[in-house]
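A.B. asks: Please find protein.txt (compact mmCIF, C-alpha atoms and all ligand atoms) on the next line:
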# COMPACT_ATOMS: atom_id res chain seq x y z
CA MET A 1 -18.49 34.52 -12.59
CA SER A 2 -21.56 33.59 -10.56
CA ALA A 3 -23.33 36.43 -8.74
CA GLY A 4 -22.03 37.01 -5.24
CA ALA A 5 -18.89 34.88 -5.59
CA ARG A 6 -15.84 36.68 -4.33
CA ARG A 7 -12.73 37.19 -6.37
CA SER A 8 -9.54 36.76 -4.37
CA VAL A 9 -5.99 37.33 -5.56
CA VAL A 10 -3.31 35.26 -3.82
CA THR A 11 0.24 36.47 -4.48
CA GLY A 12 2.62 33.60 -3.86
CA GLY A 13 -0.29 31.22 -4.42
CA ALA A 14 2.01 28.43 -5.62
CA GLY A 15 4.02 28.59 -2.41
CA PHE A 16 3.54 26.55 0.72
CA ILE A 17 0.98 28.66 2.61
CA GLY A 18 -0.37 30.23 -0.60
CA SER A 19 -1.33 26.91 -2.15
CA HIS A 20 -3.17 25.80 1.00
CA LEU A 21 -4.96 29.16 1.11
CA THR A 22 -5.90 28.89 -2.59
CA GLU A 23 -7.41 25.47 -1.96
CA TYR A 24 -9.35 26.74 1.04
CA LEU A 25 -10.72 29.78 -0.85
CA LEU A 26 -11.78 27.61 -3.82
CA ASP A 27 -13.55 25.25 -1.39
CA ARG A 28 -15.43 28.27 -0.06
CA GLY A 29 -16.63 29.24 -3.54
CA ASP A 30 -14.21 32.07 -4.37
CA HIS A 31 -12.74 32.75 -7.77
CA VAL A 32 -8.99 32.77 -7.16
CA VAL A 33 -6.27 34.45 -9.18
CA VAL A 34 -2.83 33.18 -8.21
CA VAL A 35 0.14 35.39 -9.02
CA ASP A 36 3.45 33.56 -8.72
CA ASP A 37 6.80 33.74 -10.48
CA PHE A 38 7.56 30.10 -9.58
CA SER A 39 10.95 31.06 -8.19
CA THR A 40 10.34 29.29 -4.88
CA GLY A 41 6.67 28.46 -5.49
CA ARG A 42 6.15 25.07 -7.16
CA ARG A 43 3.78 23.93 -9.86
CA GLU A 44 3.14 20.65 -8.07
CA ASN A 45 1.67 22.59 -5.14
CA LEU A 46 -1.25 23.51 -7.40
CA ALA A 47 -1.28 20.31 -9.47
CA ALA A 48 -4.44 18.95 -7.84
CA LEU A 49 -6.25 22.20 -8.71
CA ALA A 50 -4.89 22.62 -12.24
CA GLU A 51 -8.25 22.05 -13.94
CA HIS A 52 -10.32 23.96 -11.40
CA PRO A 53 -12.84 26.18 -13.22
CA ARG A 54 -12.58 29.01 -10.68
CA LEU A 55 -8.75 29.17 -10.60
CA THR A 56 -6.59 31.40 -12.80
CA VAL A 57 -2.81 31.25 -12.55
CA VAL A 58 -0.83 34.30 -13.65
CA GLU A 59 2.87 33.61 -13.96
CA GLY A 60 4.98 36.65 -13.19
CA SER A 61 6.68 38.76 -10.58
CA ILE A 62 5.06 41.15 -8.12
CA LEU A 63 7.77 43.57 -9.26
CA ASP A 64 5.91 43.74 -12.60
CA ARG A 65 3.31 46.36 -11.83
CA ASP A 66 1.40 46.01 -15.11
CA LEU A 67 1.06 42.27 -14.69
CA LEU A 68 -0.08 42.77 -11.12
CA ARG A 69 -2.60 45.41 -12.16
CA GLY A 70 -4.06 42.98 -14.69
CA ALA A 71 -4.36 40.24 -12.06
CA MET A 72 -5.88 42.51 -9.41
CA THR A 73 -8.35 44.42 -11.59
CA GLY A 74 -11.92 43.41 -10.76
CA ALA A 75 -10.93 41.51 -7.60
CA ASP A 76 -12.45 42.07 -4.16
CA ARG A 77 -9.42 41.27 -2.06
CA VAL A 78 -5.77 40.36 -2.18
CA PHE A 79 -3.87 38.03 0.12
CA HIS A 80 -0.26 39.13 -0.25
CA LEU A 81 1.94 36.14 0.54
CA ALA A 82 4.58 36.42 -2.20
CA ALA A 83 8.00 37.05 -0.66
CA ALA A 84 11.58 35.93 -0.72
CA VAL A 85 11.65 33.70 2.39
CA GLY A 86 13.96 31.21 4.07
CA VAL A 87 17.08 32.11 6.04
CA HIS A 88 19.44 30.45 3.55
CA LEU A 89 17.90 32.32 0.60
CA ILE A 90 17.90 35.64 2.47
CA ILE A 91 21.57 35.28 3.37
CA ASP A 92 22.60 34.14 -0.11
CA GLU A 93 20.52 36.71 -1.97
CA PRO A 94 20.03 39.86 0.12
CA LEU A 95 19.26 42.02 -2.92
CA ARG A 96 16.48 39.74 -4.07
CA SER A 97 15.11 39.71 -0.55
CA LEU A 98 15.07 43.51 -0.35
CA ARG A 99 13.71 44.13 -3.85
CA THR A 100 10.93 41.57 -3.74
CA ASN A 101 9.95 42.17 -0.16
CA ILE A 102 9.97 45.98 -0.30
CA HIS A 103 9.16 47.03 -3.89
CA GLY A 104 6.89 44.05 -4.56
CA THR A 105 4.82 44.84 -1.48
CA GLU A 106 4.75 48.53 -2.33
CA ASN A 107 3.18 47.57 -5.69
CA VAL A 108 0.55 45.33 -4.07
CA VAL A 109 -0.42 47.87 -1.40
CA ASP A 110 -0.60 50.73 -3.87
CA LEU A 111 -2.68 48.78 -6.40
CA ALA A 112 -5.00 47.50 -3.67
CA HIS A 113 -5.70 51.12 -2.81
CA GLU A 114 -6.04 52.27 -6.42
CA LEU A 115 -8.33 49.37 -7.40
CA GLY A 116 -10.38 49.34 -4.17
CA LEU A 117 -9.41 45.90 -2.77
CA THR A 118 -9.34 44.70 0.81
CA MET A 119 -5.89 43.37 1.68
CA LEU A 120 -4.10 40.92 3.93
CA LEU A 121 -0.35 41.38 4.34
CA ALA A 122 1.52 38.29 5.47
CA SER A 123 4.23 39.52 7.80
CA THR A 124 6.41 37.62 10.20
CA SER A 125 7.46 37.17 13.80
CA GLU A 126 10.95 38.04 12.52
CA VAL A 127 9.94 41.69 12.92
CA TYR A 128 10.42 41.23 16.69
CA GLY A 129 14.05 40.35 16.02
CA LYS A 130 16.02 39.41 19.11
CA ASN A 131 13.25 40.25 21.57
CA THR A 132 13.01 37.16 23.81
CA ALA A 133 9.96 38.27 25.84
CA ASP A 134 7.93 35.54 27.50
CA ARG A 135 5.02 36.18 25.18
CA LEU A 136 5.44 38.66 22.33
CA ASP A 137 2.35 40.80 21.99
CA GLU A 138 1.82 43.00 18.95
CA GLY A 139 3.18 46.08 20.74
CA ALA A 140 6.49 44.38 21.67
CA ASP A 141 9.68 46.20 20.70
CA ARG A 142 11.69 45.14 17.70
CA ILE A 143 15.33 44.46 18.43
CA LEU A 144 17.22 44.03 15.19
CA GLY A 145 20.93 43.55 14.55
CA SER A 146 23.09 45.55 12.18
CA PRO A 147 21.60 46.45 8.78
CA LEU A 148 24.92 45.31 7.30
CA LEU A 149 24.23 41.69 8.30
CA SER A 150 22.25 40.21 5.43
CA ARG A 151 20.25 37.94 7.76
CA TRP A 152 18.36 41.04 8.97
CA THR A 153 17.23 42.12 5.48
CA TYR A 154 14.08 40.02 5.75
CA ALA A 155 13.06 41.46 9.12
CA ALA A 156 13.94 44.97 7.96
CA ALA A 157 11.95 44.64 4.72
CA LYS A 158 8.90 43.16 6.43
CA GLY A 159 8.99 46.03 8.95
CA ILE A 160 8.89 48.49 6.05
CA ASP A 161 6.02 46.49 4.49
CA GLU A 162 4.02 46.76 7.69
CA ALA A 163 4.73 50.49 7.87
CA TYR A 164 3.58 50.91 4.26
CA ALA A 165 0.40 48.97 4.83
CA HIS A 166 -0.32 50.83 8.04
CA ALA A 167 0.29 54.23 6.44
CA TYR A 168 -2.04 53.36 3.54
CA TRP A 169 -4.66 52.49 6.13
CA SER A 170 -4.20 55.57 8.32
CA SER A 171 -3.66 58.11 5.53
CA LEU A 172 -5.76 56.68 2.70
CA GLY A 173 -8.22 54.32 4.39
CA LEU A 174 -6.97 51.06 2.80
CA PRO A 175 -8.75 48.16 4.55
CA VAL A 176 -5.66 46.09 5.33
CA THR A 177 -4.92 43.48 7.98
CA ILE A 178 -1.30 42.67 8.87
CA VAL A 179 -0.66 39.15 10.11
CA ARG A 180 2.57 38.17 11.85
CA LEU A 181 3.15 34.47 11.27
CA PHE A 182 5.27 32.48 13.72
CA ASN A 183 6.97 29.48 12.04
CA THR A 184 4.02 28.14 10.06
CA VAL A 185 4.71 24.54 9.00
CA GLY A 186 2.96 21.68 7.25
CA PRO A 187 2.89 19.52 4.13
CA ARG A 188 4.34 21.07 0.92
CA GLN A 189 6.82 23.25 2.78
CA THR A 190 10.29 22.81 1.34
CA GLY A 191 13.38 22.66 3.52
CA ARG A 192 15.53 23.93 0.68
CA TYR A 193 15.81 27.54 1.85
CA GLY A 194 15.91 27.00 5.62
CA MET A 195 12.73 25.96 7.46
CA VAL A 196 13.87 23.55 10.07
CA LEU A 197 10.89 21.21 10.37
CA PRO A 198 10.71 19.90 6.79
CA ARG A 199 14.53 19.81 6.67
CA LEU A 200 14.81 17.61 9.73
CA VAL A 201 11.88 15.41 8.69
CA GLY A 202 13.50 14.89 5.26
CA GLN A 203 16.85 14.05 6.84
CA ALA A 204 15.18 11.62 9.28
CA LEU A 205 13.27 9.84 6.51
CA ARG A 206 16.40 9.51 4.37
CA GLY A 207 18.47 8.27 7.33
CA GLU A 208 20.88 11.21 7.03
CA PRO A 209 22.34 13.12 9.99
CA MET A 210 19.85 15.63 11.36
CA THR A 211 21.48 19.06 11.38
CA VAL A 212 20.69 21.03 14.53
CA TYR A 213 22.28 24.48 14.43
CA GLY A 214 24.03 26.08 17.40
CA ASP A 215 23.42 24.36 20.74
CA GLY A 216 19.87 23.41 19.76
CA ARG A 217 18.46 25.12 22.86
CA GLN A 218 16.85 27.95 20.88
CA THR A 219 13.05 27.59 20.86
CA ARG A 220 10.18 28.15 18.44
CA CYS A 221 6.37 27.76 18.58
CA PHE A 222 5.45 25.95 15.36
CA SER A 223 1.95 26.44 14.01
CA PHE A 224 0.13 24.18 11.57
CA VAL A 225 -0.87 25.58 8.19
CA GLY A 226 -4.32 24.00 8.61
CA ASP A 227 -4.88 26.16 11.71
CA ILE A 228 -3.46 29.30 10.10
CA VAL A 229 -5.22 29.41 6.72
CA PRO A 230 -8.81 29.68 8.05
CA ALA A 231 -7.57 32.35 10.48
CA LEU A 232 -6.14 34.44 7.63
CA VAL A 233 -9.53 34.48 5.92
CA ALA A 234 -11.47 35.12 9.15
CA LEU A 235 -9.18 38.02 10.00
CA VAL A 236 -9.43 39.82 6.68
CA GLU A 237 -13.21 39.36 6.69
CA ASN A 238 -13.48 41.10 10.07
CA PRO A 239 -13.33 44.89 9.54
CA ALA A 240 -12.26 45.34 13.18
CA THR A 241 -8.85 43.95 12.17
CA HIS A 242 -8.15 46.59 9.51
CA GLY A 243 -5.21 48.75 10.46
CA LEU A 244 -4.01 46.18 13.01
CA ALA A 245 -1.09 43.76 13.14
CA VAL A 246 -2.16 40.39 14.57
CA ASN A 247 0.05 37.51 15.74
CA LEU A 248 -0.72 33.95 14.64
CA GLY A 249 1.48 31.27 16.16
CA GLY A 250 1.57 27.90 17.85
CA ALA A 251 0.96 27.16 21.53
CA GLU A 252 3.83 24.74 22.29
CA GLU A 253 7.33 26.10 22.81
CA VAL A 254 9.92 23.51 21.76
CA SER A 255 13.69 23.67 21.51
CA ILE A 256 15.17 22.65 18.17
CA LEU A 257 17.01 19.77 19.84
CA GLU A 258 13.73 18.53 21.30
CA LEU A 259 12.11 18.92 17.87
CA ALA A 260 14.83 16.75 16.33
CA GLU A 261 14.30 14.10 19.01
CA ARG A 262 10.55 14.11 18.50
CA ILE A 263 10.98 13.81 14.71
CA LYS A 264 13.37 10.88 15.22
CA HIS A 265 10.83 9.19 17.48
CA VAL A 266 7.74 9.82 15.32
CA THR A 267 9.48 8.67 12.12
CA ALA A 268 11.31 5.79 13.89
CA SER A 269 14.52 7.05 12.31
CA GLU A 270 18.04 5.85 13.06
CA SER A 271 19.53 9.19 11.97
CA PRO A 272 22.11 10.69 14.33
CA ILE A 273 21.53 14.26 15.54
CA ARG A 274 24.48 16.47 14.60
CA LEU A 275 25.15 19.88 16.16
CA VAL A 276 26.39 22.33 13.49
CA PRO A 277 27.94 25.69 14.51
CA TYR A 278 25.98 28.69 13.19
CA ALA A 279 29.05 29.97 11.31
CA ASP A 280 29.16 26.72 9.30
CA ALA A 281 25.40 26.52 8.82
CA TYR A 282 24.86 30.10 7.65
CA ALA A 283 27.65 32.68 7.74
CA PRO A 284 30.16 34.02 10.25
CA GLY A 285 28.51 36.40 12.69
CA TYR A 286 25.05 34.82 12.26
CA GLU A 287 22.65 35.90 15.00
CA ASP A 288 19.79 33.51 15.78
CA MET A 289 16.61 34.26 17.68
CA ARG A 290 16.98 32.41 20.97
CA ARG A 291 13.27 32.29 21.58
CA ARG A 292 10.09 33.42 19.88
CA VAL A 293 6.83 32.91 21.74
CA PRO A 294 3.62 34.49 20.46
CA ASP A 295 0.88 36.06 22.49
CA ASN A 296 -2.13 34.93 20.44
CA SER A 297 -4.72 36.67 22.58
CA LEU A 298 -5.53 39.42 20.08
CA ALA A 299 -6.37 36.84 17.37
CA GLY A 300 -8.25 34.90 20.06
CA SER A 301 -10.45 37.87 20.92
CA LEU A 302 -10.97 38.98 17.29
CA ILE A 303 -11.77 35.65 15.63
CA GLY A 304 -11.60 32.99 18.36
CA PHE A 305 -8.23 31.74 17.08
CA VAL A 306 -6.85 28.73 18.96
CA PRO A 307 -3.85 26.82 17.55
CA ARG A 308 -5.06 23.23 17.87
CA THR A 309 -2.56 20.98 16.12
CA ARG A 310 0.21 19.61 18.36
CA VAL A 311 3.82 19.32 17.21
CA ASP A 312 3.82 15.49 17.03
CA GLU A 313 0.73 15.60 14.84
CA ILE A 314 2.35 18.22 12.58
CA ILE A 315 5.44 15.98 12.25
CA ARG A 316 3.23 13.01 11.28
CA ARG A 317 1.50 15.07 8.59
CA VAL A 318 4.76 16.44 7.20
CA ALA A 319 6.27 12.95 7.18
CA GLY A 320 3.23 11.75 5.23
CA GLN A 321 2.07 9.41 7.97
CA PRO A 322 -1.61 8.75 8.71
CA SER A 323 -3.04 11.37 11.00
CA ARG A 324 -4.08 10.43 14.55
CA SER A 325 -6.55 13.29 14.65
CA ALA A 326 -9.91 13.32 12.91
CA THR A 327 -9.79 17.04 12.17
CA THR A 328 -9.04 18.11 8.65
CA MET A 329 -8.54 21.52 7.20
CA ALA A 330 -11.78 21.44 5.26
CA SER A 331 -13.82 20.65 8.35
CA ARG A 332 -12.67 23.74 10.22
N1 LIG B 1 17.73 25.19 12.19
C1 LIG B 1 18.41 24.03 12.50
N2 LIG B 1 18.69 23.14 11.50
C2 LIG B 1 18.32 23.35 10.20
C3 LIG B 1 17.62 24.53 9.89
C4 LIG B 1 17.33 25.43 10.91
O1 LIG B 1 18.75 23.79 13.67
O2 LIG B 1 18.63 22.49 9.35
C5 LIG B 1 17.39 26.13 13.30
C6 LIG B 1 17.62 27.61 13.02
O3 LIG B 1 18.96 27.97 13.29
C7 LIG B 1 16.64 28.26 13.96
C8 LIG B 1 15.45 27.29 13.98
O4 LIG B 1 15.99 26.04 13.53
O5 LIG B 1 17.16 28.33 15.26
C9 LIG B 1 14.32 27.69 13.07
O6 LIG B 1 14.85 27.94 11.79
P1 LIG B 1 13.96 28.28 10.54
O7 LIG B 1 14.90 28.66 9.44
O8 LIG B 1 13.00 27.18 10.28
O9 LIG B 1 13.08 29.53 10.99
P2 LIG B 1 13.42 30.91 11.76
O10 LIG B 1 12.62 30.83 12.99
O11 LIG B 1 14.88 30.97 12.06
O12 LIG B 1 12.99 31.95 10.82
Would you mind writing the file's structure down as C-alpha cells?
C.D. replies:
Amino acid sequence: MSAGARRSVVTGGAGFIGSHLTEYLLDRGDHVVVVDDFSTGRRENLAALAEHPRLTVVEGSILDRDLLRGAMTGADRVFHLAAAVGVHLIIDEPLRSLRTNIHGTENVVDLAHELGLTMLLASTSEVYGKNTADRLDEGADRILGSPLLSRWTYAAAKGIDEAYAHAYWSSLGLPVTIVRLFNTVGPRQTGRYGMVLPRLVGQALRGEPMTVYGDGRQTRCFSFVGDIVPALVALVENPATHGLAVNLGGAEEVSILELAERIKHVTASESPIRLVPYADAYAPGYEDMRRRVPDNSLAGSLIGFVPRTRVDEIIRRVAGQPSRSATTMASR
C-alpha cells in the first residue's frame, strides 16, 4: 500500500450505491475492501473493476463477525451500506430484514469502535415513516405503523441502527456520520425488490404495462447516485458531521403517476400505465408513505450539497440513453 493512501471498507460494495461508491473511492486513490454476500449485490456491478490493483473483494455476510473483523482490520474507515433493502424483499423476508439490518449493523459499529475506524452509516428516509411534513428536517418525528406489519421492519431496524451508531458516538466517541438517503436512483439499480424508477423504466423499455401502485398521487424526491456518492465521502471526511444524522435527497417532488408519464415520454414508450391496488402489489393492509420531501439544508451548510441532476436526466441515464448534461460523476 502506498504511503498516505487511505483504506476504505465498503459493506454492500457490490450493490447499487456501493459499487458507485467503490468506483469513486478507487478514482480518488483509496484502497477499497468490498464486503458483500452477493445476495442482492451483483458481480456485474464490479465487473469493470475486477482487475483493479487497489480493490479487494471479500465474499461473506456482515453477520459473520470474524470475516468482518478480517476485512476491517487495518482500515481507516468503513462505509456501511450492506442491508436488506427493497419493499418487496422486506415484506417477503421480514426475518432477513431484521437480522441483517440490526445484527449486521451492530457488528460493523462495534468493530469500527474496536479497530479505530471512522464510519458512515447509510440510513434511510423511511425512518420518518408516515410523517408528511412539507420538508422533513433531521429532527422531524418518526411516525411508524404497527410493528406487526412486516413493511415497517426496515424502518424499525434502521432506527435501531441509528440509535446504536449515535450511542457509540456519545458514549464511546466513535466518529460516525449517519446519512438518511431519500430514494437514491441511477444506473445499476435493480427493480427486482421494489424501487419504482428502474422498475418502470424496465417496463417502458420492454413495452409492458407500467405498474403504478395505489392512486399514483403519492410523491417522492428522487436523487441521483452521482450526486449522492461524492456527498457521502465529503460528509464522513468532515469531523463536524460526526454524531449527526444528515438528510441527502433530491430537489424535485414528483408523484409516481407523473414519474410514469415522464418515463413514457423520455423512452418514447407505448406502454399503458396500469393502476394496481396496494393490496395486490404488496400485501393486504400495506401502508405507503404519501409524501417524503427532504430538507437538505444541513447537508448544504456542512458540505455545500446541492442535488443537481433533474428527474428527466436521471431517467435518460437509467434507460441507457445519451446524457444531455455534460456533468459526469468523476468530474464532481
Ligand atoms: N411503486 C409503484 N410501482 C412499482 C413500485 C413502486 O407505483 O412498480 C410505488 C410505491 O408504492 C411507492 C413509490 O412507488 O409509493 C416508491 O416506491 P419504492 O419501493 O421505489 O421506494 P419507497 O419510497 O416506497 O421506499
A.B. asks: Residues contacting ligand LIG 1 (chain B) - anything with an atom at most 8 Å away, using all atoms listed in the file - can you give me those as a PyMOL selection string?
C.D. replies: chain A and resi 86-88+126+182-183+191+193-197+199-200+210-214+216+218-220+256-257+275-276+278+281+288-290+292
A.B. asks: If we count only C-alpha atoms, what is near A:His242 at a cut-off of 8 Å, once residues fewer than 5 positions away on the same chain are taken out, given as an NGL selection string?
C.D. replies: :A and (169 or 175-178 or 236)
A.B. asks: At most 8 Å from (2.7, 24.8, 1.7), file frame, all atoms listed in the file: which residues, as a PyMOL selection string?
C.D. replies: chain A and resi 15-20+45+185-190+225
A.B. asks: Excluding A:Arg99 and residues on its chain fewer than 2 positions from it, collect all residues at most 12 Å away from it, counting all atoms listed in the file, and give them as number ranges by chain.
C.D. replies: A: 61-64, 83-84, 90, 93-97, 101-107, 153-154, 156-158, 160-161
A.B. asks: Quick one: write out the picked residues with C-alpha atoms as an mmCIF file, in the frame of the given file?
C.D. replies:
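The resulting file, selection-v6.cif, is shown below:
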data_model
loop_
_atom_site.group_PDB
_atom_site.id
_atom_site.type_symbol
_atom_site.label_atom_id
_atom_site.label_comp_id
_atom_site.auth_asym_id
_atom_site.auth_seq_id
_atom_site.Cartn_x
_atom_site.Cartn_y
_atom_site.Cartn_z
ATOM 1 C CA SER A 61 6.680 38.760 -10.580
ATOM 2 C CA ILE A 62 5.060 41.150 -8.120
ATOM 3 C CA LEU A 63 7.770 43.570 -9.260
ATOM 4 C CA ASP A 64 5.910 43.740 -12.600
ATOM 5 C CA ALA A 83 8.000 37.050 -0.660
ATOM 6 C CA ALA A 84 11.580 35.930 -0.720
ATOM 7 C CA ILE A 90 17.900 35.640 2.470
ATOM 8 C CA GLU A 93 20.520 36.710 -1.970
ATOM 9 C CA PRO A 94 20.030 39.860 0.120
ATOM 10 C CA LEU A 95 19.260 42.020 -2.920
ATOM 11 C CA ARG A 96 16.480 39.740 -4.070
ATOM 12 C CA SER A 97 15.110 39.710 -0.550
ATOM 13 C CA ASN A 101 9.950 42.170 -0.160
ATOM 14 C CA ILE A 102 9.970 45.980 -0.300
ATOM 15 C CA HIS A 103 9.160 47.030 -3.890
ATOM 16 C CA GLY A 104 6.890 44.050 -4.560
ATOM 17 C CA THR A 105 4.820 44.840 -1.480
ATOM 18 C CA GLU A 106 4.750 48.530 -2.330
ATOM 19 C CA ASN A 107 3.180 47.570 -5.690
ATOM 20 C CA THR A 153 17.230 42.120 5.480
ATOM 21 C CA TYR A 154 14.080 40.020 5.750
ATOM 22 C CA ALA A 156 13.940 44.970 7.960
ATOM 23 C CA ALA A 157 11.950 44.640 4.720
ATOM 24 C CA LYS A 158 8.900 43.160 6.430
ATOM 25 C CA ILE A 160 8.890 48.490 6.050
ATOM 26 C CA ASP A 161 6.020 46.490 4.490
#
A.B. asks: Please provide the set of residues having any atom within 8 Å of A:Ile315, restricted to only C-alpha atoms, with same-chain residues fewer than 3 positions apart removed, written as a PyMOL selection string.
C.D. replies: chain A and resi 186+197+201+263+266+311-312+318-319
A.B. asks: Enter the distance from atom CA of A:Met119 to atom CA of A:Tyr168, in Å, rounded to one decimal.
C.D. replies: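 Interatomic distance, atom CA of A:Met119 to atom CA of A:Tyr168: 10.9 Å.
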A.B. asks: Need to verify the contact set: A:Arg324, 12 Å, all atoms listed in the file, exclusion of same-chain residues closer than 2 positions in sequence. Can you return it as a list in words?
C.D. replies: Val266, Thr309, Arg310, Asp312, Glu313, Ile314, Ile315, Arg316, Arg317, Gly320, Gln321, Pro322, Ala326, Thr327 and Thr328 of chain A
A.B. asks: In Å, how far is it from atom CA of A:Gly300 to atom CA of A:Gly129?
C.D. replies: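 Pair atom CA of A:Gly300 / atom CA of A:Gly129 returns 23.3 Å.
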A.B. asks: Quick one: residues within 8 Å of A:Val229, all atoms listed in the file counted, chain neighbours fewer than 2 positions away excluded, as a PyMOL selection string?
C.D. replies: chain A and resi 17+20-21+24+225-227+231-233
A.B. asks: From the options A:Val34, A:Leu248, A:Leu302, A:Val254, which residue's atoms come nearest to A:Ala234, counting all atoms listed in the file?
C.D. replies: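 Answer, going by the shortest atom-to-atom distance: A:Leu302.
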A.B. asks: Would you mind telling me which residue in A:Ser150, A:Thr124, A:Ser170, A:Ser301 lies nearest to A:Leu235 when using all atoms listed in the file?
C.D. replies: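 Residue with the minimum atom-to-atom distance to A:Leu235: A:Ser301.
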A.B. asks: From the set A:Asn131, A:Ser269, A:Thr118, A:Ser39, which residue has the shortest atom-to-atom contact distance to A:Ala75, counting only C-alpha atoms?
C.D. replies: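 Using only C-alpha atoms, A:Ala75 sits closest to A:Thr118.
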A.B. asks: So, with all atoms listed in the file as the atoms that count, which of A:Pro53, A:Gly202, A:Gly13, A:Pro284 lies closest to A:Asp36?
C.D. replies: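 Nearest to A:Asp36: A:Gly13.
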A.B. asks: What is the atom CA of A:Ile303 to atom CA of A:Thr241 distance in Å?
C.D. replies: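 It comes out at 9.5 Å.
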